[in-house]
>>> print(open('my_file.pdb').read())   # PDB, C-alpha atoms and all ligand atoms
ATOM      1  CA  MET A   1     -29.663  -4.629  -6.126  1.00  0.00           C
ATOM      2  CA  PRO A   2     -28.533  -7.603  -8.238  1.00  0.00           C
ATOM      3  CA  SER A   3     -26.968 -10.572  -6.561  1.00  0.00           C
ATOM      4  CA  ILE A   4     -23.601 -11.716  -7.874  1.00  0.00           C
ATOM      5  CA  ALA A   5     -22.388 -15.236  -7.234  1.00  0.00           C
ATOM      6  CA  MET A   6     -18.734 -16.210  -7.443  1.00  0.00           C
ATOM      7  CA  THR A   7     -16.190 -18.473  -5.821  1.00  0.00           C
ATOM      8  CA  VAL A   8     -13.628 -16.712  -3.671  1.00  0.00           C
ATOM      9  CA  ASN A   9     -10.734 -18.675  -2.223  1.00  0.00           C
ATOM     10  CA  GLY A  10     -12.634 -21.890  -2.851  1.00  0.00           C
ATOM     11  CA  LYS A  11     -15.824 -20.733  -1.144  1.00  0.00           C
ATOM     12  CA  ALA A  12     -19.071 -19.947  -2.911  1.00  0.00           C
ATOM     13  CA  VAL A  13     -20.154 -16.409  -2.063  1.00  0.00           C
ATOM     14  CA  ARG A  14     -22.985 -14.153  -3.099  1.00  0.00           C
ATOM     15  CA  VAL A  15     -22.907 -10.376  -2.821  1.00  0.00           C
ATOM     16  CA  ASP A  16     -25.637  -7.825  -3.378  1.00  0.00           C
ATOM     17  CA  VAL A  17     -23.865  -4.923  -5.047  1.00  0.00           C
ATOM     18  CA  ASP A  18     -24.015  -2.770  -8.133  1.00  0.00           C
ATOM     19  CA  PRO A  19     -22.356  -4.872 -10.888  1.00  0.00           C
ATOM     20  CA  SER A  20     -20.009  -1.991 -11.703  1.00  0.00           C
ATOM     21  CA  THR A  21     -18.523  -2.010  -8.182  1.00  0.00           C
ATOM     22  CA  PRO A  22     -14.793  -2.696  -8.416  1.00  0.00           C
ATOM     23  CA  LEU A  23     -13.927  -6.235  -7.337  1.00  0.00           C
ATOM     24  CA  LEU A  24     -11.389  -4.713  -4.918  1.00  0.00           C
ATOM     25  CA  TRP A  25     -14.108  -3.113  -2.799  1.00  0.00           C
ATOM     26  CA  VAL A  26     -16.228  -6.238  -2.805  1.00  0.00           C
ATOM     27  CA  LEU A  27     -13.235  -8.238  -1.545  1.00  0.00           C
ATOM     28  CA  ARG A  28     -12.171  -5.711   1.059  1.00  0.00           C
ATOM     29  CA  ASP A  29     -15.465  -4.213   2.253  1.00  0.00           C
ATOM     30  CA  HIS A  30     -18.014  -6.954   1.703  1.00  0.00           C
ATOM     31  CA  LEU A  31     -15.896 -10.049   2.252  1.00  0.00           C
ATOM     32  CA  GLN A  32     -13.346  -8.547   4.683  1.00  0.00           C
ATOM     33  CA  LEU A  33     -10.439  -9.893   2.645  1.00  0.00           C
ATOM     34  CA  THR A  34      -8.129  -6.977   3.321  1.00  0.00           C
ATOM     35  CA  GLY A  35      -4.925  -8.651   2.147  1.00  0.00           C
ATOM     36  CA  THR A  36      -5.606  -7.190  -1.292  1.00  0.00           C
ATOM     37  CA  LYS A  37      -4.421  -3.587  -1.157  1.00  0.00           C
ATOM     38  CA  TYR A  38      -5.608  -0.317  -2.642  1.00  0.00           C
ATOM     39  CA  GLY A  39      -2.714   1.605  -4.134  1.00  0.00           C
ATOM     40  CA  CYS A  40      -3.560   3.827  -7.093  1.00  0.00           C
ATOM     41  CA  GLY A  41      -7.066   2.787  -8.085  1.00  0.00           C
ATOM     42  CA  ILE A  42      -6.239   3.235 -11.784  1.00  0.00           C
ATOM     43  CA  ALA A  43      -4.427   0.023 -12.790  1.00  0.00           C
ATOM     44  CA  GLN A  44      -0.995   1.591 -12.450  1.00  0.00           C
ATOM     45  CA  CYS A  45       0.614  -0.028  -9.395  1.00  0.00           C
ATOM     46  CA  GLY A  46      -0.459  -3.684  -9.077  1.00  0.00           C
ATOM     47  CA  ALA A  47      -1.116  -3.546  -5.311  1.00  0.00           C
ATOM     48  CA  CYS A  48      -4.628  -4.922  -5.887  1.00  0.00           C
ATOM     49  CA  THR A  49      -3.596  -7.928  -8.036  1.00  0.00           C
ATOM     50  CA  VAL A  50      -5.730 -11.037  -7.627  1.00  0.00           C
ATOM     51  CA  ASN A  51      -6.115 -14.278  -9.573  1.00  0.00           C
ATOM     52  CA  LEU A  52      -9.281 -14.438 -11.680  1.00  0.00           C
ATOM     53  CA  ASP A  53      -9.675 -17.855 -13.300  1.00  0.00           C
ATOM     54  CA  GLY A  54      -5.902 -18.232 -13.582  1.00  0.00           C
ATOM     55  CA  ASP A  55      -5.021 -14.737 -14.752  1.00  0.00           C
ATOM     56  CA  ALA A  56      -3.569 -11.856 -12.763  1.00  0.00           C
ATOM     57  CA  VAL A  57      -6.024  -8.969 -12.812  1.00  0.00           C
ATOM     58  CA  ARG A  58      -6.168  -5.526 -11.229  1.00  0.00           C
ATOM     59  CA  ALA A  59      -9.095  -5.705  -8.831  1.00  0.00           C
ATOM     60  CA  CYS A  60      -9.340  -1.897  -8.614  1.00  0.00           C
ATOM     61  CA  VAL A  61     -10.513  -1.615 -12.228  1.00  0.00           C
ATOM     62  CA  THR A  62     -12.273  -4.954 -12.577  1.00  0.00           C
ATOM     63  CA  PRO A  63     -16.031  -4.630 -12.133  1.00  0.00           C
ATOM     64  CA  VAL A  64     -17.362  -7.362  -9.889  1.00  0.00           C
ATOM     65  CA  SER A  65     -19.666  -8.396 -12.746  1.00  0.00           C
ATOM     66  CA  ARG A  66     -16.575  -9.773 -14.522  1.00  0.00           C
ATOM     67  CA  ALA A  67     -16.044 -12.184 -11.628  1.00  0.00           C
ATOM     68  CA  ALA A  68     -19.621 -13.488 -11.697  1.00  0.00           C
ATOM     69  CA  ASN A  69     -19.671 -17.291 -11.759  1.00  0.00           C
ATOM     70  CA  ARG A  70     -15.882 -17.376 -11.872  1.00  0.00           C
ATOM     71  CA  HIS A  71     -13.067 -18.211  -9.425  1.00  0.00           C
ATOM     72  CA  VAL A  72     -11.181 -15.503  -7.579  1.00  0.00           C
ATOM     73  CA  THR A  73      -8.123 -16.215  -5.459  1.00  0.00           C
ATOM     74  CA  THR A  74      -6.682 -13.585  -3.150  1.00  0.00           C
ATOM     75  CA  ILE A  75      -3.558 -13.659  -1.001  1.00  0.00           C
ATOM     76  CA  GLU A  76      -5.657 -15.197   1.791  1.00  0.00           C
ATOM     77  CA  GLY A  77      -6.518 -18.136  -0.464  1.00  0.00           C
ATOM     78  CA  LEU A  78      -3.025 -19.051  -1.593  1.00  0.00           C
ATOM     79  CA  SER A  79      -2.606 -21.622   1.187  1.00  0.00           C
ATOM     80  CA  PRO A  80      -4.164 -22.188   4.595  1.00  0.00           C
ATOM     81  CA  ASP A  81      -0.773 -22.339   6.330  1.00  0.00           C
ATOM     82  CA  ARG A  82       1.730 -20.246   4.318  1.00  0.00           C
ATOM     83  CA  SER A  83       3.013 -23.389   2.638  1.00  0.00           C
ATOM     84  CA  HIS A  84       2.599 -22.159  -0.929  1.00  0.00           C
ATOM     85  CA  PRO A  85       6.027 -22.122  -2.625  1.00  0.00           C
ATOM     86  CA  VAL A  86       5.802 -18.389  -3.299  1.00  0.00           C
ATOM     87  CA  GLN A  87       5.013 -17.643   0.338  1.00  0.00           C
ATOM     88  CA  ARG A  88       7.889 -19.862   1.502  1.00  0.00           C
ATOM     89  CA  ALA A  89      10.316 -18.247  -0.943  1.00  0.00           C
ATOM     90  CA  TRP A  90       9.225 -14.761   0.170  1.00  0.00           C
ATOM     91  CA  LEU A  91       9.975 -15.676   3.779  1.00  0.00           C
ATOM     92  CA  GLU A  92      13.306 -17.317   2.934  1.00  0.00           C
ATOM     93  CA  GLU A  93      14.469 -14.302   0.950  1.00  0.00           C
ATOM     94  CA  GLN A  94      12.980 -11.797   3.429  1.00  0.00           C
ATOM     95  CA  VAL A  95      11.498  -9.855   0.526  1.00  0.00           C
ATOM     96  CA  PRO A  96       9.148  -7.247   2.037  1.00  0.00           C
ATOM     97  CA  GLN A  97      10.218  -3.897   3.343  1.00  0.00           C
ATOM     98  CA  CYS A  98       7.064  -1.920   4.183  1.00  0.00           C
ATOM     99  CA  GLY A  99       5.054  -4.792   2.688  1.00  0.00           C
ATOM    100  CA  TYR A 100       2.367  -2.726   1.030  1.00  0.00           C
ATOM    101  CA  CYS A 101       2.944  -3.958  -2.510  1.00  0.00           C
ATOM    102  CA  GLN A 102       3.781  -7.514  -1.585  1.00  0.00           C
ATOM    103  CA  SER A 103       0.459  -9.310  -1.745  1.00  0.00           C
ATOM    104  CA  GLY A 104       0.148  -8.019  -5.307  1.00  0.00           C
ATOM    105  CA  GLN A 105       3.706  -9.135  -6.100  1.00  0.00           C
ATOM    106  CA  ILE A 106       3.019 -12.582  -4.634  1.00  0.00           C
ATOM    107  CA  MET A 107      -0.242 -13.009  -6.540  1.00  0.00           C
ATOM    108  CA  ALA A 108       1.371 -11.923  -9.817  1.00  0.00           C
ATOM    109  CA  THR A 109       4.234 -14.358  -9.149  1.00  0.00           C
ATOM    110  CA  SER A 110       1.947 -17.288  -8.385  1.00  0.00           C
ATOM    111  CA  VAL A 111       0.102 -16.693 -11.659  1.00  0.00           C
ATOM    112  CA  LEU A 112       3.411 -16.429 -13.518  1.00  0.00           C
ATOM    113  CA  LEU A 113       4.637 -19.752 -12.088  1.00  0.00           C
ATOM    114  CA  SER A 114       1.363 -21.452 -12.948  1.00  0.00           C
ATOM    115  CA  LYS A 115       2.058 -20.566 -16.580  1.00  0.00           C
ATOM    116  CA  ILE A 116       5.868 -20.755 -16.733  1.00  0.00           C
ATOM    117  CA  ALA A 117       7.427 -23.178 -14.245  1.00  0.00           C
ATOM    118  CA  ARG A 118      10.986 -21.816 -14.565  1.00  0.00           C
ATOM    119  CA  PRO A 119      10.803 -18.212 -15.747  1.00  0.00           C
ATOM    120  CA  SER A 120      13.896 -16.348 -16.925  1.00  0.00           C
ATOM    121  CA  ASP A 121      14.873 -12.940 -15.520  1.00  0.00           C
ATOM    122  CA  GLU A 122      13.317 -11.383 -18.603  1.00  0.00           C
ATOM    123  CA  GLN A 123      10.047 -13.284 -18.179  1.00  0.00           C
ATOM    124  CA  ILE A 124       9.936 -12.275 -14.507  1.00  0.00           C
ATOM    125  CA  HIS A 125      10.520  -8.668 -15.497  1.00  0.00           C
ATOM    126  CA  ASP A 126       7.758  -8.794 -18.104  1.00  0.00           C
ATOM    127  CA  ALA A 127       5.255 -10.466 -15.761  1.00  0.00           C
ATOM    128  CA  LEU A 128       5.912  -8.156 -12.822  1.00  0.00           C
ATOM    129  CA  ALA A 129       6.607  -4.894 -14.643  1.00  0.00           C
ATOM    130  CA  GLY A 130       3.199  -3.536 -13.634  1.00  0.00           C
ATOM    131  CA  ASN A 131       3.748  -4.287  -9.945  1.00  0.00           C
ATOM    132  CA  LEU A 132       5.471  -1.278  -8.454  1.00  0.00           C
ATOM    133  CA  CYS A 133       7.396  -1.263  -5.183  1.00  0.00           C
ATOM    134  CA  ARG A 134       8.147   2.123  -3.703  1.00  0.00           C
ATOM    135  CA  CYS A 135      10.659   0.487  -1.355  1.00  0.00           C
ATOM    136  CA  GLY A 136      12.676  -0.914  -4.267  1.00  0.00           C
ATOM    137  CA  THR A 137      12.653  -4.571  -3.273  1.00  0.00           C
ATOM    138  CA  TYR A 138      12.937  -5.666  -6.915  1.00  0.00           C
ATOM    139  CA  PRO A 139      16.256  -7.576  -6.570  1.00  0.00           C
ATOM    140  CA  ARG A 140      14.885  -9.614  -3.658  1.00  0.00           C
ATOM    141  CA  ILE A 141      11.626 -10.217  -5.519  1.00  0.00           C
ATOM    142  CA  ARG A 142      13.515 -11.592  -8.528  1.00  0.00           C
ATOM    143  CA  LYS A 143      15.575 -13.891  -6.284  1.00  0.00           C
ATOM    144  CA  ALA A 144      12.434 -15.081  -4.512  1.00  0.00           C
ATOM    145  CA  VAL A 145      10.630 -15.833  -7.778  1.00  0.00           C
ATOM    146  CA  HIS A 146      13.519 -18.111  -8.803  1.00  0.00           C
ATOM    147  CA  ARG A 147      13.488 -19.724  -5.355  1.00  0.00           C
ATOM    148  CA  ALA A 148       9.712 -20.235  -5.504  1.00  0.00           C
ATOM    149  CA  ALA A 149      10.123 -21.945  -8.885  1.00  0.00           C
ATOM    150  CA  GLU A 150      12.700 -24.304  -7.297  1.00  0.00           C
ATOM    151  CA  LEU A 151      10.469 -25.022  -4.310  1.00  0.00           C
ATOM    152  CA  ALA A 152       7.463 -25.701  -6.530  1.00  0.00           C
ATOM    153  CA  THR A 153       9.522 -28.137  -8.592  1.00  0.00           C
ATOM    154  CA  GLU A 154      10.803 -29.852  -5.430  1.00  0.00           C
ATOM    155  CA  ASP A 155       7.205 -30.154  -4.261  1.00  0.00           C
ATOM    156  CA  GLY A 156       6.468 -31.821  -7.571  1.00  0.00           C
ATOM    157  CA  LYS A 157       3.498 -29.591  -8.123  1.00  0.00           C
ATOM    158  CA  PRO A 158       4.423 -26.417  -9.920  1.00  0.00           C
ATOM    159  CA  ARG A 159       1.631 -23.833  -9.742  1.00  0.00           C
TER
HETATM  160  S1  LIG B   1      -4.663  -0.227  -6.812  1.00  0.00           S
HETATM  161 FE1  LIG B   1      -5.089  -1.427  -8.537  1.00  0.00          FE
HETATM  162  S2  LIG B   1      -3.387  -1.174  -9.820  1.00  0.00           S
HETATM  163 FE2  LIG B   1      -3.029   0.210  -8.187  1.00  0.00          FE
HETATM  164  S1  LIG B   2       7.754  -3.301   0.108  1.00  0.00           S
HETATM  165 FE1  LIG B   2       7.140  -1.241   0.351  1.00  0.00          FE
HETATM  166  S2  LIG B   2       6.061  -0.819  -1.465  1.00  0.00           S
HETATM  167 FE2  LIG B   2       6.972  -2.731  -1.839  1.00  0.00          FE
END
>>> encode(input="my_file.pdb", output="structure tokens", more="lines below")
Ligand code: FES
Ligand code: FES
Amino acid sequence: MPSIAMTVNGKAVRVDVDPSTPLLWVLRDHLQLTGTKYGCGIAQCGACTVNLDGDAVRACVTPVSRAANRHVTTIEGLSPDRSHPVQRAWLEEQVPQCGYCQSGQIMATSVLLSKIARPSDEQIHDALAGNLCRCGTYPRIRKAVHRAAELATEDGKPR
């Protein structure tokens, strides 16, 4: 079995898996990072969204080979103490209902804010359109994205 090296949440890791194994299963089953959720398995819901070298990707359809020698950030790696602006905004706005989709929503939002510091409603819609929420928390998500953008600016380190 080939060995695949990558950096996950700032830590160098090495996993012995078939290179075609979806990144989602490597994160959840091999690295016990279960904050990334399995929703549809076919790139339709966004529950499995993680950050791969600065882009939001669907871990359920991303072979682990694509992450070789690259940086992956999951919800667990956003901050050690929930201090990331997106996490703070999510708490302030009490966004989650059942919570299942939310780590994907948060990861997609953090990538969005790293690219566009103050996104418009339309830009938020475009960036998060692939992240479905069966509980319909979309209005709170939009509010929280704006709040996270404010908090990041106040922090002086938009990301
Ligand atoms: S589980 Fe990956 S997009 Fe739905
Ligand atoms: S909070 Fe329930 S699926 Fe989004």
>>> resolve_selection(input="my_file.pdb", expression="the PyMOL selection byres (((not hetatm)) within 6 of (chain B and resi 1))", output="ChimeraX atom specification")
/A:38-48,58-60
>>> closest_atom_pairs(input="my_file.pdb", of="chain A", to="ligand LIG 2 (chain B)", cutoff="8 Å", atoms="all atoms listed in the file", output="tab-separated table")
residue	atom	partner	partner_atom	distance
A:Val95	CA	B:LIG2	S1	7.6
A:Pro96	CA	B:LIG2	S1	4.6
A:Gln97	CA	B:LIG2	S1	4.1
A:Cys98	CA	B:LIG2	FE1	3.9
A:Gly99	CA	B:LIG2	S1	4.0
A:Tyr100	CA	B:LIG2	S2	4.8
A:Cys101	CA	B:LIG2	FE2	4.3
A:Gln102	CA	B:LIG2	FE2	5.8
A:Leu132	CA	B:LIG2	FE2	6.9
A:Cys133	CA	B:LIG2	FE2	3.7
A:Arg134	CA	B:LIG2	S2	4.2
A:Cys135	CA	B:LIG2	FE1	4.3
A:Gly136	CA	B:LIG2	FE2	6.5
A:Thr137	CA	B:LIG2	S1	6.1
>>> write_last_selection(input="my_file.pdb", atoms="C-alpha atoms", output="CSV table (one decimal), in the coordinates of the input")
chain,number,residue,atom,x,y,z
A,95,VAL,CA,11.5,-9.9,0.5
A,96,PRO,CA,9.1,-7.2,2.0
A,97,GLN,CA,10.2,-3.9,3.3
A,98,CYS,CA,7.1,-1.9,4.2
A,99,GLY,CA,5.1,-4.8,2.7
A,100,TYR,CA,2.4,-2.7,1.0
A,101,CYS,CA,2.9,-4.0,-2.5
A,102,GLN,CA,3.8,-7.5,-1.6
A,132,LEU,CA,5.5,-1.3,-8.5
A,133,CYS,CA,7.4,-1.3,-5.2
A,134,ARG,CA,8.1,2.1,-3.7
A,135,CYS,CA,10.7,0.5,-1.4
A,136,GLY,CA,12.7,-0.9,-4.3
A,137,THR,CA,12.7,-4.6,-3.3
>>> resolve_selection(input="my_file.pdb", expression="the PyMOL selection byres (((chain A and resi 111) around 8) and not hetatm)", output="PyMOL selection string")
chain A and resi 51+54-56+107-110+112-115+159
>>> closest_residue(input="my_file.pdb", among="A:His71, A:Arg66, A:Arg147, A:Arg140", to="Arg88 (chain A)", atoms="all atoms listed in the file")
A:Arg147
>>> closest_residue(input="my_file.pdb", among="A:Asn131, A:Gln123, A:Ser83, A:Ser20", to="His146 (chain A)", atoms="only C-alpha atoms")
A:Gln123
>>> closest_residue(input="my_file.pdb", among="A:Thr49, A:Thr34, A:Glu92, A:Ala144", to="Gly130 (chain A)", atoms="only C-alpha atoms")
A:Thr49
>>> resolve_selection(input="my_file.pdb", expression="the PyMOL selection byres (((chain A and resi 78) around 12) and not hetatm)", output="count of residues only")
30
>>> closest_residue(input="my_file.pdb", among="A:Ala127, A:Ala67, A:Met1, A:Glu93", to="Val13 (chain A)", atoms="only C-alpha atoms")
A:Ala67
>>> atom_distance(input="my_file.pdb", atom1="CA of Leu31 (chain A)", atom2="CA of Val57 (chain A)")
18.0 Å
>>> atom_distance(input="my_file.pdb", atom1="CA of Arg70 (chain A)", atom2="CA of Asp53 (chain A)")
6.4 Å
>>> residues_around(input="my_file.pdb", residues="Val17 (chain A)", least_positions_apart="2", cutoff="7 Å", atoms="all atoms listed in the file", output="list in words")
Met1, Pro2, Ser3, Val15, Pro19 and Thr21 of chain A
>>> closest_residue(input="my_file.pdb", among="A:Ile141, A:Asp29, A:Ala152, A:Asn69", to="Ile116 (chain A)", atoms="only C-alpha atoms")
A:Ala152
>>> atom_distance(input="my_file.pdb", atom1="CA of Arg142 (chain A)", atom2="CA of Val61 (chain A)")
26.3 Å
>>> closest_residue(input="my_file.pdb", among="A:Met6, A:Ala149, A:Leu24, A:Ala12", to="Trp90 (chain A)", atoms="only C-alpha atoms")
A:Ala149
